[in-house]
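One structure is given below, encoded as structure tokens.
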Amino acid sequence: IEDGVLVDLGSIAPDVVHTHSGVWYKACLAAHLGGVRRVVHTEHGRSVPDPWQARLLDSLAARRTDAVVAVSETVAAQLAKGIVHDCAKIRVITNGVRTSSFAPRPDDHVLRRELGVPEGIPMLGSVGRLEPIKGYDIMIEAFHLIAAEALPKPPVLVLAGDGSERGRLARAIAERGLGGRVYL
């Protein structure tokens, strides 16, 4: 889809279509119908339990895929177990960050000032998409349990990101009385 208009892949003639989780079958079918010769798929993770419909469609897509990239050995093992029948197609390229290139800079306390969090209060944080597969609801529930403990310096939780779960997570924060302790 380009500017809200469905584009025939054959009209742009790509050499390769690279798909990601969630659209594998549809993208493979579009590539096949558009005459694209190569399909590469990257799998970031699978639902547990994995719905049988998704497994069926993904196994059909795997037959038309030239290479399947898994972001971890665990994901590769999940794929090899009933999704990708030709395991020679699976390659693992692990997620990772070169920490020497992205070493934390000294804390300038800007975030603490913006949020009104005093020095010495532990800050926990996560950056990511606020989507169901990321499990931020579980993180908020775990933080709620931590917040219930009588700690000398109770921590705050900062979640940086956006996504379809934002409203639901905001409601969960409010329902648990975590306003001022959990920040979206």
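Residue numbering restarts at 1 in every chain; chains get A, B, ... in the order shown in the structure tokens, and ligands count up from 1 in that same order.
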Non-local contacts of Gly167 of chain A (12 Å; only C-alpha atoms; under 4 positions in same chain excluded) as a PyMOL selection string:
chain A and resi 130-131+137+162-163+171-174+184
DSSP alpha helix (DSSP H) residues within segment 25-175 of chain A, listed as a PyMOL selection string:
chain A and resi 25-33+52-63+73-80+110-115+136-148+166-175
List the neighbours of Leu124 of chain A out to 10 Å using only C-alpha atoms; skip same-chain residues closer than 3 positions along the sequence, and give me the result as a PyMOL selection string.
chain A and resi 121+143+155-159+182
Enumerate, as a list in words, the complete set of residues in segment 60-146 of chain A that a backbone-based DSSP assignment places in strand (DSSP E).
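Of segment 60-146 of chain A, only Ala67, Val68, Val69, Ala70, Ile90, Arg91, Val92, Met123, Leu124, Gly125, Ser126 and Val127 of chain A fall in strand (DSSP E).
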Could you give me, as a Markdown table, a per-residue list for segment 73-170 of chain A showing, wherever an atom lies at most 10 Å from an atom of segment 51-55 of chain A, the closest pair of atoms and their distance in Å to one decimal, using only C-alpha atoms and sorting by chain then residue number from low to high?
```
| residue | atom | partner | partner_atom | distance |
| --- | --- | --- | --- | --- |
| A:Leu79 | CA | A:Arg55 | CA | 9.3 |
| A:Gly82 | CA | A:Arg55 | CA | 7.6 |
| A:Ile83 | CA | A:Arg55 | CA | 6.1 |
| A:Val84 | CA | A:Arg55 | CA | 9.7 |
```
Output file for the selection above: N, CA and C atoms, as a PDB file, in the first residue's frame:
```pdb
ATOM      1  N   LEU A  79      10.187 -21.959  15.188  1.00  0.00           N
ATOM      2  CA  LEU A  79       9.924 -22.052  13.758  1.00  0.00           C
ATOM      3  C   LEU A  79      10.181 -23.463  13.237  1.00  0.00           C
ATOM      4  N   GLY A  82       7.365 -27.258  13.350  1.00  0.00           N
ATOM      5  CA  GLY A  82       6.073 -27.259  12.681  1.00  0.00           C
ATOM      6  C   GLY A  82       5.733 -26.065  11.822  1.00  0.00           C
ATOM      7  N   ILE A  83       6.607 -25.064  11.719  1.00  0.00           N
ATOM      8  CA  ILE A  83       6.312 -23.909  10.859  1.00  0.00           C
ATOM      9  C   ILE A  83       7.157 -23.984   9.590  1.00  0.00           C
ATOM     10  N   VAL A  84       8.468 -24.033   9.755  1.00  0.00           N
ATOM     11  CA  VAL A  84       9.393 -24.087   8.613  1.00  0.00           C
ATOM     12  C   VAL A  84       9.884 -25.530   8.500  1.00  0.00           C
TER      13      VAL A  84
END
```
So which residues touch Lys153 of chain A within 12 Å, counting only C-alpha atoms, skipping near sequence neighbours fewer than 2 positions away, as a list in words?
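Contacts, with the query itself left out: Val117, Pro118, Glu119, Gly120, Ile121, Pro122, Met123, Ile146, Ala147, Glu149, Ala150, Leu151, Pro155, Val156 and Arg181 of chain A.
The space between atom CA of Arg46 of chain A and atom CA of Ser21 of chain A spans 8.1 Å.
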I want to know what sits within 8 Å of segment 59-75 of chain A, based on only C-alpha atoms, with residues of the same chain fewer than 6 positions away left out; could you give that as a short mmCIF file (atom, residue, chain, number, x, y, z; two decimals) with C-alpha atoms, in the first residue's frame?
```
data_model
loop_
_atom_site.label_atom_id
_atom_site.label_comp_id
_atom_site.auth_asym_id
_atom_site.auth_seq_id
_atom_site.Cartn_x
_atom_site.Cartn_y
_atom_site.Cartn_z
CA TRP A 24 4.01 -13.33 6.32
CA TYR A 25 1.35 -15.26 4.40
CA CYS A 28 4.22 -14.03 0.36
CA LEU A 29 1.04 -14.36 -1.63
CA HIS A 32 4.05 -14.67 -5.68
CA ARG A 38 12.81 -13.97 -3.68
CA VAL A 39 11.11 -13.70 -0.28
CA VAL A 40 12.90 -13.23 3.04
CA HIS A 41 10.99 -13.31 6.31
CA THR A 42 12.12 -12.07 9.74
CA GLU A 43 10.40 -13.58 12.76
CA HIS A 44 10.61 -11.47 15.92
CA GLY A 45 8.62 -13.78 18.18
CA ARG A 46 5.54 -15.93 18.28
CA GLY A 82 6.07 -27.26 12.68
CA ILE A 83 6.31 -23.91 10.86
CA VAL A 84 9.39 -24.09 8.61
CA HIS A 85 9.68 -27.66 7.40
CA LYS A 89 16.12 -21.96 5.37
CA ILE A 90 16.36 -20.73 8.98
CA ARG A 91 19.13 -18.31 9.95
CA VAL A 92 19.61 -16.70 13.36
CA ILE A 93 20.59 -13.06 13.59
CA THR A 94 20.30 -12.15 17.24
CA ASN A 95 18.92 -8.87 18.46
#
```
